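K.L.:
Hey, dropping protein.cif in here, mmCIF, C-alpha atoms and all ligand atoms:
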```cif
data_upload
loop_
_atom_site.label_atom_id
_atom_site.label_comp_id
_atom_site.auth_asym_id
_atom_site.auth_seq_id
_atom_site.Cartn_x
_atom_site.Cartn_y
_atom_site.Cartn_z
CA MET A 10 -9.40 -1.93 37.52
CA LYS A 11 -8.52 -4.95 35.40
CA TYR A 12 -8.60 -5.05 31.60
CA TYR A 13 -9.58 -8.08 29.53
CA SER A 14 -8.98 -8.84 25.86
CA THR A 15 -11.90 -8.80 23.43
CA ASN A 16 -10.64 -12.15 22.13
CA LYS A 17 -10.84 -13.61 25.67
CA LYS A 18 -7.79 -15.79 25.06
CA ALA A 19 -5.30 -13.71 27.04
CA PRO A 20 -5.04 -13.13 30.78
CA VAL A 21 -6.63 -10.04 32.34
CA VAL A 22 -4.08 -7.31 33.05
CA SER A 23 -3.60 -4.17 35.09
CA LEU A 24 -4.09 -0.70 33.61
CA GLN A 25 -0.31 -0.30 33.46
CA GLU A 26 0.09 -3.45 31.41
CA ALA A 27 -2.82 -2.58 29.10
CA VAL A 28 -1.31 0.85 28.42
CA VAL A 29 2.28 -0.33 27.97
CA LYS A 30 1.30 -3.35 25.82
CA GLY A 31 -1.38 -1.65 23.74
CA LEU A 32 -2.64 -4.80 22.03
CA ALA A 33 -3.36 -8.01 23.99
CA PRO A 34 -1.17 -11.06 23.17
CA ASP A 35 -4.16 -12.80 21.51
CA ARG A 36 -4.47 -9.75 19.19
CA GLY A 37 -7.60 -8.63 20.99
CA LEU A 38 -8.25 -5.11 22.28
CA TYR A 39 -8.30 -4.38 25.98
CA MET A 40 -11.60 -3.47 27.63
CA PRO A 41 -12.14 -2.28 31.22
CA GLU A 42 -13.82 -5.03 33.25
CA ARG A 43 -16.47 -2.58 34.47
CA ILE A 44 -18.09 0.58 33.11
CA ASP A 45 -19.57 2.27 36.15
CA ARG A 46 -22.49 4.68 35.85
CA LEU A 47 -21.93 8.16 37.15
CA PRO A 48 -24.33 9.21 39.91
CA ALA A 49 -27.65 10.84 38.93
CA GLY A 50 -26.64 13.96 40.87
CA PHE A 51 -23.73 14.51 38.50
CA PHE A 52 -26.04 14.65 35.49
CA GLU A 53 -28.59 16.85 37.27
CA GLU A 54 -25.93 19.50 37.77
CA ILE A 55 -23.70 18.85 34.81
CA GLU A 56 -24.34 22.27 33.27
CA ASN A 57 -22.69 23.88 36.30
CA TYR A 58 -19.38 22.10 35.79
CA GLU A 59 -16.41 23.18 33.69
CA LEU A 60 -14.54 20.97 31.23
CA HIS A 61 -11.75 20.07 33.66
CA GLU A 62 -14.16 19.15 36.45
CA ILE A 63 -16.16 16.92 34.13
CA ALA A 64 -13.07 15.28 32.67
CA LYS A 65 -11.61 14.60 36.13
CA THR A 66 -14.86 12.99 37.25
CA VAL A 67 -14.99 10.75 34.19
CA ALA A 68 -11.27 9.90 34.39
CA GLU A 69 -11.72 8.83 38.00
CA VAL A 70 -14.22 6.17 36.92
CA PHE A 71 -11.72 4.39 34.69
CA PHE A 72 -8.34 5.23 36.19
CA GLY A 73 -9.08 6.24 39.79
CA GLU A 74 -8.17 2.86 41.27
CA ASP A 75 -4.77 2.77 39.56
CA ILE A 76 -3.42 6.32 39.53
CA PRO A 77 -3.23 8.60 42.58
CA LYS A 78 -5.89 11.31 42.40
CA GLU A 79 -3.46 14.22 42.30
CA LYS A 80 -1.46 12.65 39.51
CA LEU A 81 -4.59 11.83 37.52
CA ASP A 82 -5.96 15.34 37.93
CA ALA A 83 -2.64 16.74 36.69
CA ILE A 84 -2.69 14.44 33.64
CA VAL A 85 -6.22 15.62 32.82
CA SER A 86 -5.39 19.31 33.27
CA ASP A 87 -2.21 19.07 31.18
CA THR A 88 -4.03 17.17 28.47
CA LEU A 89 -6.86 19.64 28.11
CA ASN A 90 -4.87 22.85 27.75
CA PHE A 91 -7.26 24.09 25.05
CA GLU A 92 -10.96 24.76 24.80
CA ILE A 93 -13.65 22.57 23.25
CA PRO A 94 -16.55 24.89 22.48
CA LEU A 95 -20.07 23.92 21.39
CA LYS A 96 -21.54 26.32 18.85
CA GLU A 97 -24.92 26.56 17.14
CA VAL A 98 -24.55 26.37 13.37
CA GLU A 99 -28.23 26.24 12.47
CA GLU A 100 -31.36 25.93 14.56
CA GLY A 101 -31.15 22.61 16.39
CA VAL A 102 -27.74 21.80 14.90
CA TYR A 103 -24.67 22.28 17.08
CA VAL A 104 -21.02 21.65 16.38
CA LEU A 105 -18.53 20.49 19.00
CA GLU A 106 -15.20 21.96 17.92
CA LEU A 107 -12.55 19.46 18.87
CA PHE A 108 -9.74 21.10 16.91
CA HIS A 109 -8.32 23.77 19.21
CA GLY A 110 -5.40 21.65 20.44
CA PRO A 111 -1.76 21.94 19.33
CA THR A 112 -2.20 19.91 16.12
CA PHE A 113 -5.70 21.17 15.34
CA ALA A 114 -7.47 17.81 15.48
CA PHE A 115 -9.47 15.88 18.08
CA LYS A 116 -6.74 13.29 18.42
CA ASP A 117 -4.82 15.76 20.58
CA VAL A 118 -7.13 14.76 23.44
CA GLY A 119 -6.33 11.06 23.37
CA ALA A 120 -2.70 11.45 22.34
CA ARG A 121 -1.82 14.01 24.99
CA PHE A 122 -3.54 11.97 27.65
CA MET A 123 -1.79 8.78 26.62
CA ALA A 124 1.65 10.42 26.46
CA ARG A 125 1.25 11.61 30.03
CA MET A 126 -0.12 8.34 31.33
CA LEU A 127 2.55 6.27 29.58
CA SER A 128 5.27 8.55 30.88
CA HIS A 129 3.86 8.04 34.40
CA PHE A 130 4.08 4.26 33.99
CA VAL A 131 7.48 4.28 32.25
CA GLN A 132 9.04 6.27 35.07
CA GLU A 133 7.80 3.58 37.41
CA GLY A 134 9.36 0.88 35.20
CA LYS A 135 12.53 2.77 34.14
CA GLU A 136 12.89 1.12 30.74
CA GLU A 137 12.84 2.83 27.34
CA VAL A 138 9.58 2.36 25.45
CA ASN A 139 9.15 2.51 21.66
CA VAL A 140 5.77 3.81 20.57
CA LEU A 141 4.62 2.61 17.14
CA VAL A 142 1.82 4.49 15.47
CA ALA A 143 0.22 4.03 12.07
CA THR A 144 -1.50 7.15 10.81
CA SER A 145 -3.91 8.11 8.07
CA GLY A 146 -2.98 11.72 8.82
CA ASP A 147 -3.98 13.19 12.15
CA THR A 148 -2.95 10.48 14.60
CA GLY A 149 0.69 10.83 13.65
CA SER A 150 0.76 14.54 14.31
CA ALA A 151 -1.17 14.34 17.56
CA VAL A 152 0.92 11.47 18.90
CA ALA A 153 4.26 12.89 17.74
CA ASN A 154 3.51 16.29 19.26
CA GLY A 155 2.03 14.75 22.40
CA PHE A 156 5.22 12.71 22.99
CA LEU A 157 7.79 15.19 21.67
CA GLY A 158 10.70 15.43 24.05
CA VAL A 159 9.15 13.03 26.60
CA GLU A 160 12.04 11.19 28.23
CA GLY A 161 12.29 7.41 27.98
CA ILE A 162 10.02 7.25 24.94
CA LYS A 163 10.83 6.93 21.22
CA VAL A 164 8.08 7.36 18.65
CA PHE A 165 7.90 5.79 15.16
CA VAL A 166 5.18 7.22 12.94
CA LEU A 167 4.23 5.07 9.90
CA TYR A 168 2.25 6.81 7.20
CA PRO A 169 1.13 6.03 3.64
CA SER A 170 3.34 7.96 1.22
CA GLY A 171 1.42 10.57 -0.77
CA LYS A 172 -1.88 9.87 0.99
CA VAL A 173 -1.82 12.48 3.75
CA SER A 174 -2.14 16.22 3.28
CA GLU A 175 0.96 18.41 3.07
CA MET A 176 0.00 20.07 6.32
CA GLN A 177 -0.54 16.78 8.13
CA GLU A 178 2.80 15.46 6.91
CA ALA A 179 4.64 18.55 8.12
CA GLN A 180 3.26 18.04 11.60
CA PHE A 181 5.07 14.77 12.20
CA THR A 182 8.01 14.79 9.76
CA THR A 183 9.61 18.03 10.91
CA LEU A 184 9.95 17.45 14.64
CA GLY A 185 13.19 15.47 15.02
CA GLN A 186 14.27 14.65 18.60
CA ASN A 187 12.60 11.39 19.70
CA ILE A 188 10.26 11.27 16.70
CA THR A 189 11.03 9.22 13.53
CA ALA A 190 8.71 9.34 10.50
CA LEU A 191 8.56 6.21 8.32
CA GLU A 192 7.06 6.89 4.89
CA VAL A 193 5.52 3.61 3.68
CA ASP A 194 4.87 2.81 0.04
CA GLY A 195 1.31 1.52 0.62
CA THR A 196 -2.05 2.35 2.21
CA PHE A 197 -2.97 3.19 5.79
CA ASP A 198 -4.09 -0.40 6.27
CA ASP A 199 -0.61 -1.57 5.21
CA CYS A 200 0.88 0.69 7.88
CA GLN A 201 -1.52 -0.67 10.46
CA THR A 202 -0.64 -4.24 9.46
CA LEU A 203 3.08 -3.53 9.87
CA VAL A 204 2.46 -2.19 13.36
CA LYS A 205 0.28 -5.14 14.34
CA SER A 206 2.89 -7.58 13.00
CA ALA A 207 5.61 -5.89 15.03
CA PHE A 208 3.65 -6.58 18.21
CA MET A 209 3.34 -10.24 17.27
CA ASP A 210 7.02 -10.69 16.42
CA GLU A 211 8.71 -12.56 19.26
CA GLU A 212 12.27 -11.62 18.41
CA LEU A 213 11.45 -7.95 18.13
CA ASN A 214 9.56 -7.97 21.41
CA SER A 215 12.41 -9.70 23.18
CA ARG A 216 14.79 -6.94 22.08
CA LEU A 217 12.62 -3.85 22.33
CA LYS A 218 9.77 -2.72 24.52
CA LEU A 219 7.04 -1.81 22.05
CA THR A 220 3.69 -0.16 22.50
CA SER A 221 1.01 1.30 20.28
CA ALA A 222 -0.48 4.76 20.32
CA ASN A 223 -3.30 3.94 17.93
CA SER A 224 -6.83 4.12 19.29
CA ILE A 225 -6.42 0.45 20.19
CA ASN A 226 -4.63 1.75 23.30
CA VAL A 227 -7.04 2.24 26.22
CA ALA A 228 -5.19 5.41 27.26
CA ARG A 229 -5.90 6.87 23.82
CA PHE A 230 -9.54 6.05 23.34
CA LEU A 231 -11.09 6.22 26.83
CA PRO A 232 -10.25 9.92 27.45
CA GLN A 233 -12.22 10.74 24.32
CA SER A 234 -15.37 10.08 26.32
CA PHE A 235 -14.69 13.26 28.35
CA TYR A 236 -15.91 15.64 25.70
CA TYR A 237 -19.22 13.88 25.08
CA PHE A 238 -20.17 14.82 28.65
CA TRP A 239 -18.81 18.31 28.12
CA ALA A 240 -20.83 18.76 24.92
CA TYR A 241 -23.95 17.72 26.78
CA ALA A 242 -23.17 20.10 29.66
CA GLN A 243 -22.80 23.03 27.27
CA LEU A 244 -26.00 22.14 25.46
CA LYS A 245 -27.90 21.87 28.74
CA ARG A 246 -26.93 25.46 29.58
CA GLU A 247 -29.08 26.49 26.63
CA LEU A 248 -31.69 23.75 26.42
CA GLN A 249 -33.13 21.58 29.16
CA ASP A 250 -34.58 18.16 28.28
CA ALA A 251 -33.31 18.03 24.70
CA LYS A 252 -33.44 14.69 22.89
CA VAL A 253 -29.85 14.50 21.75
CA VAL A 254 -28.39 12.87 18.65
CA VAL A 255 -24.60 12.87 18.17
CA SER A 256 -22.99 12.47 14.76
CA VAL A 257 -19.40 11.17 14.68
CA PRO A 258 -17.14 11.10 11.59
CA SER A 259 -15.71 7.60 11.81
CA GLY A 260 -12.59 5.77 10.68
CA ASN A 261 -11.18 3.33 13.21
CA LEU A 262 -14.30 3.91 15.35
CA GLY A 263 -12.34 4.96 18.45
CA ASN A 264 -14.19 8.22 18.77
CA LEU A 265 -17.59 6.56 18.37
CA THR A 266 -16.67 3.84 20.88
CA ALA A 267 -15.76 6.50 23.45
CA GLY A 268 -19.21 8.04 22.90
CA LEU A 269 -20.89 4.69 23.41
CA PHE A 270 -18.93 4.29 26.66
CA ALA A 271 -20.22 7.70 27.76
CA LYS A 272 -23.77 6.53 27.11
CA ARG A 273 -23.10 3.38 29.14
CA MET A 274 -21.92 5.64 31.97
CA GLY A 275 -25.33 7.28 31.95
CA LEU A 276 -25.00 10.14 29.48
CA SER A 277 -28.39 10.86 27.94
CA VAL A 278 -27.75 10.55 24.21
CA ASP A 279 -30.69 9.11 22.30
CA LYS A 280 -28.83 8.03 19.25
CA PHE A 281 -25.37 8.05 17.73
CA ILE A 282 -24.68 8.35 14.04
CA ALA A 283 -21.45 6.77 12.78
CA VAL A 284 -20.61 8.58 9.57
CA ASN A 285 -18.66 6.94 6.77
CA ASN A 286 -17.25 8.16 3.51
CA ARG A 287 -16.94 5.67 0.65
CA ASN A 288 -15.16 3.38 3.09
CA ASP A 289 -18.43 2.19 4.58
CA VAL A 290 -17.65 -1.20 6.08
CA PHE A 291 -19.33 -0.23 9.36
CA ARG A 292 -22.47 1.16 7.69
CA GLU A 293 -22.76 -2.09 5.76
CA TYR A 294 -22.48 -4.05 8.99
CA LEU A 295 -25.29 -2.02 10.56
CA GLN A 296 -27.50 -2.61 7.53
CA THR A 297 -26.79 -6.27 6.89
CA GLY A 298 -25.31 -7.71 10.09
CA LYS A 299 -22.27 -8.78 8.07
CA TYR A 300 -18.82 -7.36 8.72
CA ILE A 301 -16.67 -7.55 5.61
CA PRO A 302 -13.40 -5.60 5.94
CA ARG A 303 -11.81 -4.55 2.69
CA THR A 304 -9.00 -2.42 1.32
CA SER A 305 -9.61 1.25 1.90
CA VAL A 306 -10.04 3.75 -0.92
CA GLN A 307 -8.79 7.31 -0.87
CA THR A 308 -11.24 10.16 -0.26
CA ILE A 309 -11.01 13.85 0.67
CA ALA A 310 -11.97 12.97 4.26
CA ASN A 311 -8.78 10.93 4.47
CA ALA A 312 -8.70 10.31 8.22
CA MET A 313 -11.82 8.20 7.68
CA ASP A 314 -10.23 6.06 4.94
CA VAL A 315 -10.18 2.85 6.93
CA GLY A 316 -11.19 -0.52 5.52
CA ALA A 317 -10.84 -2.61 8.68
CA PRO A 318 -11.81 -0.41 11.66
CA SER A 319 -9.91 -1.67 14.69
CA ASN A 320 -12.40 -0.61 17.36
CA PHE A 321 -15.20 -2.60 15.74
CA GLU A 322 -14.26 -5.44 18.11
CA ARG A 323 -14.78 -3.18 21.09
CA ILE A 324 -18.26 -2.21 19.91
CA LEU A 325 -19.18 -5.88 19.43
CA ASP A 326 -17.89 -6.67 22.90
CA LEU A 327 -19.68 -3.70 24.48
CA TYR A 328 -22.99 -4.90 23.06
CA GLY A 329 -22.47 -8.61 23.68
CA HIS A 330 -22.15 -9.21 19.91
CA SER A 331 -25.82 -8.30 19.41
CA HIS A 332 -26.44 -6.62 16.07
CA GLU A 333 -29.90 -5.68 17.27
CA ALA A 334 -28.56 -3.92 20.36
CA ILE A 335 -25.95 -2.05 18.34
CA THR A 336 -28.43 -0.83 15.74
CA ALA A 337 -30.76 0.35 18.53
CA ASP A 338 -28.09 2.88 19.53
CA VAL A 339 -26.23 3.58 16.29
CA SER A 340 -27.22 4.35 12.73
CA SER A 341 -25.01 5.28 9.80
CA TYR A 342 -24.81 7.17 6.54
CA LYS A 343 -22.16 7.49 3.86
CA TYR A 344 -21.08 10.40 1.65
CA SER A 345 -19.14 10.81 -1.55
CA ASP A 346 -16.41 13.40 -2.09
CA GLU A 347 -18.83 15.42 -4.19
CA GLU A 348 -21.43 15.56 -1.40
CA ILE A 349 -18.74 16.55 1.10
CA ARG A 350 -17.57 19.40 -1.13
CA MET A 351 -21.14 20.62 -1.59
CA ALA A 352 -21.72 20.62 2.16
CA ILE A 353 -18.56 22.67 2.83
CA SER A 354 -19.60 25.13 0.19
CA ASN A 355 -23.29 25.37 1.17
CA VAL A 356 -22.81 25.66 4.92
CA TYR A 357 -20.21 28.37 4.40
CA ALA A 358 -22.53 30.32 2.10
CA LYS A 359 -25.62 29.87 4.27
CA SER A 360 -24.30 29.97 7.84
CA ASP A 361 -20.86 31.51 7.45
CA TYR A 362 -19.42 28.42 9.12
CA LEU A 363 -16.40 26.66 7.65
CA LEU A 364 -16.36 22.86 7.87
CA ASP A 365 -13.43 20.54 7.25
CA PRO A 366 -14.18 17.43 5.14
CA HIS A 367 -14.67 15.20 8.21
CA GLY A 368 -16.93 17.63 10.03
CA ALA A 369 -18.82 18.07 6.75
CA CYS A 370 -19.61 14.34 6.67
CA ALA A 371 -20.88 14.51 10.23
CA TYR A 372 -22.98 17.57 9.44
CA LEU A 373 -24.60 15.86 6.45
CA ALA A 374 -25.41 12.74 8.45
CA LEU A 375 -26.94 14.77 11.24
CA LYS A 376 -29.19 16.61 8.78
CA GLU A 377 -30.23 13.31 7.25
CA GLY A 378 -30.64 11.33 10.45
CA LYS A 379 -32.08 13.79 12.94
CA LYS A 380 -35.84 14.04 13.50
CA PRO A 381 -37.36 17.53 13.85
CA ASP A 382 -37.92 17.15 17.60
CA GLU A 383 -34.31 16.13 18.20
CA THR A 384 -31.30 18.33 18.87
CA GLY A 385 -28.18 17.40 17.01
CA ILE A 386 -24.52 17.71 17.83
CA PHE A 387 -21.92 16.88 15.21
CA LEU A 388 -18.25 16.51 15.98
CA ALA A 389 -15.83 18.71 14.03
CA THR A 390 -12.69 16.61 14.33
CA ALA A 391 -10.18 18.79 12.47
CA HIS A 392 -9.59 22.45 11.70
CA PRO A 393 -10.58 23.29 8.10
CA ALA A 394 -7.16 24.86 7.46
CA LYS A 395 -5.54 21.43 7.84
CA PHE A 396 -7.16 20.61 4.49
CA ARG A 397 -6.54 23.91 2.84
CA GLU A 398 -6.34 22.56 -0.74
CA THR A 399 -9.73 20.83 -0.53
CA VAL A 400 -11.53 23.33 1.66
CA GLY A 401 -10.08 26.33 -0.17
CA SER A 402 -11.40 25.00 -3.48
CA CYS A 403 -14.95 24.77 -2.06
CA ILE A 404 -15.32 28.37 -0.98
CA ARG A 405 -14.98 31.83 -2.42
CA GLY A 406 -12.41 34.00 -0.76
CA SER A 407 -9.26 32.96 0.99
CA LEU A 408 -8.79 30.53 3.80
CA GLN A 409 -7.13 31.80 6.97
CA ILE A 410 -4.32 29.57 8.26
CA PRO A 411 -3.77 29.88 12.02
CA ASP A 412 -0.19 30.96 12.81
CA ALA A 413 0.53 27.93 14.97
CA LEU A 414 -0.44 25.67 12.07
CA ALA A 415 1.58 27.60 9.49
CA ALA A 416 4.63 27.32 11.77
CA PHE A 417 4.84 23.55 11.13
CA MET A 418 5.29 24.16 7.39
CA LYS A 419 8.43 26.20 7.88
CA ASN A 420 10.59 23.32 9.08
CA LYS A 421 12.43 20.73 7.01
CA LYS A 422 10.84 17.34 6.30
CA GLN A 423 12.80 14.33 7.59
CA SER A 424 11.41 10.88 6.78
CA ILE A 425 12.69 7.40 5.98
CA SER A 426 11.10 5.69 2.96
CA LEU A 427 10.10 2.04 3.34
CA PRO A 428 8.33 -0.55 1.18
CA LYS A 429 5.45 -2.39 2.89
CA ASP A 430 7.79 -5.16 3.93
CA PHE A 431 7.82 -6.36 7.50
CA ASN A 432 11.45 -7.53 7.61
CA LEU A 433 12.78 -4.18 6.42
CA PHE A 434 10.56 -2.41 8.91
CA LYS A 435 11.84 -4.66 11.67
CA LYS A 436 15.46 -4.00 10.71
CA GLN A 437 14.79 -0.28 10.79
CA LEU A 438 13.38 -0.49 14.32
CA ILE A 439 16.33 -2.51 15.57
CA ASP A 440 18.90 -0.24 13.90
CA GLN A 441 17.34 2.90 15.34
CA SER A 442 17.09 1.76 18.93
C1 LIG B 501 -8.94 10.03 13.14
C2 LIG B 501 -9.93 10.96 12.60
C3 LIG B 501 -11.27 10.58 12.42
C4 LIG B 501 -11.73 9.18 12.69
O1 LIG B 501 -11.75 8.89 14.08
P1 LIG B 501 -11.79 7.36 14.56
O2 LIG B 501 -11.71 7.45 16.05
O3 LIG B 501 -10.62 6.66 13.96
O4 LIG B 501 -13.08 6.79 14.09
C5 LIG B 501 -12.16 11.54 11.98
N1 LIG B 501 -11.76 12.79 11.68
C6 LIG B 501 -10.49 13.19 11.82
C7 LIG B 501 -10.12 14.57 11.45
C8 LIG B 501 -9.53 12.31 12.29
O5 LIG B 501 -8.28 12.71 12.44
#
```
Please lay out the structure from this file as structure tokens.

P.N.:
Amino acid sequence: MKYYSTNKKAPVVSLQEAVVKGLAPDRGLYMPERIDRLPAGFFEEIENYELHEIAKTVAEVFFGEDIPKEKLDAIVSDTLNFEIPLKEVEEGVYVLELFHGPTFAFKDVGARFMARMLSHFVQEGKEEVNVLVATSGDTGSAVANGFLGVEGIKVFVLYPSGKVSEMQEAQFTTLGQNITALEVDGTFDDCQTLVKSAFMDEELNSRLKLTSANSINVARFLPQSFYYFWAYAQLKRELQDAKVVVSVPSGNLGNLTAGLFAKRMGLSVDKFIAVNNRNDVFREYLQTGKYIPRTSVQTIANAMDVGAPSNFERILDLYGHSHEAITADVSSYKYSDEEIRMAISNVYAKSDYLLDPHGACAYLALKEGKKPDETGIFLATAHPAKFRETVGSCIRGSLQIPDALAAFMKNKKQSISLPKDFNLFKKQLIDQS
């Protein structure tokens, strides 16, 4: 399968090139040239399949032409070494728990898949690759842990100093080996800009092989479509013929885009809800047709603090730049920190279910956007214990920290402080390689 750039000013490339390059040379994002529908028979029997079977079937659609089946199946099985259960929280309201992976957030799915696919391609090319990743919290940990110890790959994690939780920071600053944490004096958007500039810098690219592990990479975002099918399969075991609405806590819109791809592949989702916190650039676009990126502000759902969502271009491309077509499939709501706190507190008191701030946003939006005859699924993208300060303050009683999560906190932080200055960042990359 070939991949084209959303800016249409760069040549089409192979999967290998799209994965190794990350961003297209015209600064566009790569898109697969086709999105094939899965056969009707697959959907008729979907409730009989397990997660791995579903994921392998979906992976085959995108990657089957380029990766031998056995290898691809192994990548999928290795990636999904944890469960993704669907649970009923209230009548008609289900949660898809995406946080049972090694770093307790949904980004484990995309990051683990990408690490394995990149490693497959690097071994073919035999040249060291430097992975650059900007993180607002969870990407860094998922990518760093996904790539830890993988030969031929070095990872640089850029994160905004003081703007990620203690727990998140521990997950990518304590690993050592092939992982370097760069603590940037700035916002997440500053980190993202540094990464994007690095890809555009000719001198740097002539000296080092660079790639991105942000959701701009096709190997990161496409595998996220697996679990939309899996959520549907689990729901169908309980309910036939449900009208399904899916609520997605959104930042860079990679997760939502993967859901929209699933719909394009034939998955029967009536409507998606893209949930924003106070950083509601996408909601504004849906309401007004105008896309006005701006500097992000800090909230308690910090993985959604994005002022210029990178996958917006993919959504435009997927819908032929039609605002009308996009709004037919997607609606949006926004929530303040106060509303998020109330939701965590109320749902815990009423249903004995503990939400993290991102899942809480998605829950609220589902309650607001779902009609009585519809069945709702909201995505819980992180484990509540990752935000123990915030979540703990919303509930009575103490918050249980899973052992595997607490283990990260025991190790020593190692990070390199940097101002948001491209030339210093560049020097750092050259010195370290
Ligand atoms: C990254 C992240 C999001 C936002 O996902 P996008 O794909 O960037 O829209 C939501 N919740 C959590 C916990 C995250 O880590």

K.L.:
Using only C-alpha atoms, tabulate the residues of range 10-120 of chain A lying at most 10 Å from any atom of range 360-383 of chain A, each with its closest atom pair and that distance in Å to one decimal, by chain and increasing residue number, as a Markdown table.

P.N.:
```
| residue | atom | partner | partner_atom | distance |
| --- | --- | --- | --- | --- |
| A:Glu97 | CA | A:Tyr362 | CA | 9.9 |
| A:Val98 | CA | A:Ser360 | CA | 6.6 |
| A:Glu99 | CA | A:Ser360 | CA | 7.1 |
| A:Gly101 | CA | A:Glu383 | CA | 7.4 |
| A:Val102 | CA | A:Leu375 | CA | 8.0 |
| A:Tyr103 | CA | A:Tyr372 | CA | 9.1 |
| A:Val104 | CA | A:Tyr372 | CA | 8.3 |
| A:Leu105 | CA | A:Gly368 | CA | 9.5 |
| A:Glu106 | CA | A:Gly368 | CA | 9.2 |
```

K.L.:
Generate a file of the selected residues that holds C-alpha atoms, formatted as a PDB file, in the coordinates of the input.

P.N.:
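This is the output file again.pdb:
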```
ATOM      1  CA  GLU A  97     -24.920  26.560  17.140  1.00  0.00           C
ATOM      2  CA  VAL A  98     -24.550  26.370  13.370  1.00  0.00           C
ATOM      3  CA  GLU A  99     -28.230  26.240  12.470  1.00  0.00           C
ATOM      4  CA  GLY A 101     -31.150  22.610  16.390  1.00  0.00           C
ATOM      5  CA  VAL A 102     -27.740  21.800  14.900  1.00  0.00           C
ATOM      6  CA  TYR A 103     -24.670  22.280  17.080  1.00  0.00           C
ATOM      7  CA  VAL A 104     -21.020  21.650  16.380  1.00  0.00           C
ATOM      8  CA  LEU A 105     -18.530  20.490  19.000  1.00  0.00           C
ATOM      9  CA  GLU A 106     -15.200  21.960  17.920  1.00  0.00           C
TER      10      GLU A 106
END
```

K.L.:
Which one is closest to ligand LIG 501 (chain B): A:Ile410, A:Leu388, A:Val356, A:Ile76? Count all atoms listed in the file.

P.N.:
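With all atoms listed in the file as the atom set, the closest residue is A:Leu388.
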
K.L.:
Show me which residues are within 7 Å of ligand LIG 501 (chain B) counting all atoms listed in the file, and format the list as a count of residues only.

P.N.:
20

K.L.:
For Asp194 in chain A, which residue out of A:Met176, A:Leu95, A:Leu167, A:Leu32 is the nearest one, using only C-alpha atoms?

P.N.:
A:Leu167

K.L.:
Write out as a PyMOL selection string the residues lying within 10 Å of range 434-436 of chain A, counting only C-alpha atoms and excluding same-chain residues fewer than 2 positions away.

P.N.:
chain A and resi 167+191+193+203-204+206-207+210+212-213+427-432+438-441

K.L.:
Restricted to C-alpha atoms, what would the selected residues look like written as a compact mmCIF listing (two decimals), keeping the file's coordinate frame?

P.N.:
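Contents of the output file out-v8.txt:
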```txt
# COMPACT_ATOMS: atom_id res chain seq x y z
CA LEU A 167 4.23 5.07 9.90
CA LEU A 191 8.56 6.21 8.32
CA VAL A 193 5.52 3.61 3.68
CA LEU A 203 3.08 -3.53 9.87
CA VAL A 204 2.46 -2.19 13.36
CA SER A 206 2.89 -7.58 13.00
CA ALA A 207 5.61 -5.89 15.03
CA ASP A 210 7.02 -10.69 16.42
CA GLU A 212 12.27 -11.62 18.41
CA LEU A 213 11.45 -7.95 18.13
CA LEU A 427 10.10 2.04 3.34
CA PRO A 428 8.33 -0.55 1.18
CA LYS A 429 5.45 -2.39 2.89
CA ASP A 430 7.79 -5.16 3.93
CA PHE A 431 7.82 -6.36 7.50
CA ASN A 432 11.45 -7.53 7.61
CA LEU A 438 13.38 -0.49 14.32
CA ILE A 439 16.33 -2.51 15.57
CA ASP A 440 18.90 -0.24 13.90
CA GLN A 441 17.34 2.90 15.34
```

K.L.:
Which of these residues is nearest to Met40 in chain A, using only C-alpha atoms: A:Asp326, A:Asp314, A:Glu160, A:Asp289?

P.N.:
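Under the stated criterion, the closest residue is A:Asp326.
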
K.L.:
Smallest atom-to-atom distance to Glu54 in chain A: which of A:Ser234, A:Gln243, A:Asn420, A:Ser215, using only C-alpha atoms?

P.N.:
A:Gln243

K.L.:
Excluding Gln177 in chain A and any residue of its chain fewer than 3 positions from it, enumerate the residues within 9 Å of it, using all atoms listed in the file, and give them as JSON, numbers by chain.

P.N.:
{"A": [112, 146, 147, 149, 150, 173, 174, 180, 181, 182, 395, 396]}

K.L.:
Which residues are close to Val166 in chain A, i.e. within 12 Å by all atoms listed in the file, leaving aside same-chain residues fewer than 2 positions away? Reply as number ranges by chain.

P.N.:
A: 139-154, 156, 163-164, 168-170, 178, 180-185, 187-193, 197, 200-201, 203-204, 221-223, 423-427, 434, 438

K.L.:
Which residue gives the smallest distance to Lys343 in chain A among A:Ser331, A:Ser407, A:Asn288, A:Gln437, with all atoms listed in the file counted?

P.N.:
A:Asn288

K.L.:
If we count all atoms listed in the file and set the cut-off at 12 Å, which residues sit around Arg46 in chain A, ignoring sequence neighbours fewer than 3 positions away in its own chain? Please answer as a ChimeraX atom specification.

P.N.:
/A:43,49-52,66-67,69-71,270-277

K.L.:
Between CA of Tyr58 in chain A and CA of Phe108 in chain A, what is the distance, to one decimal in Å?

P.N.:
21.2 Å
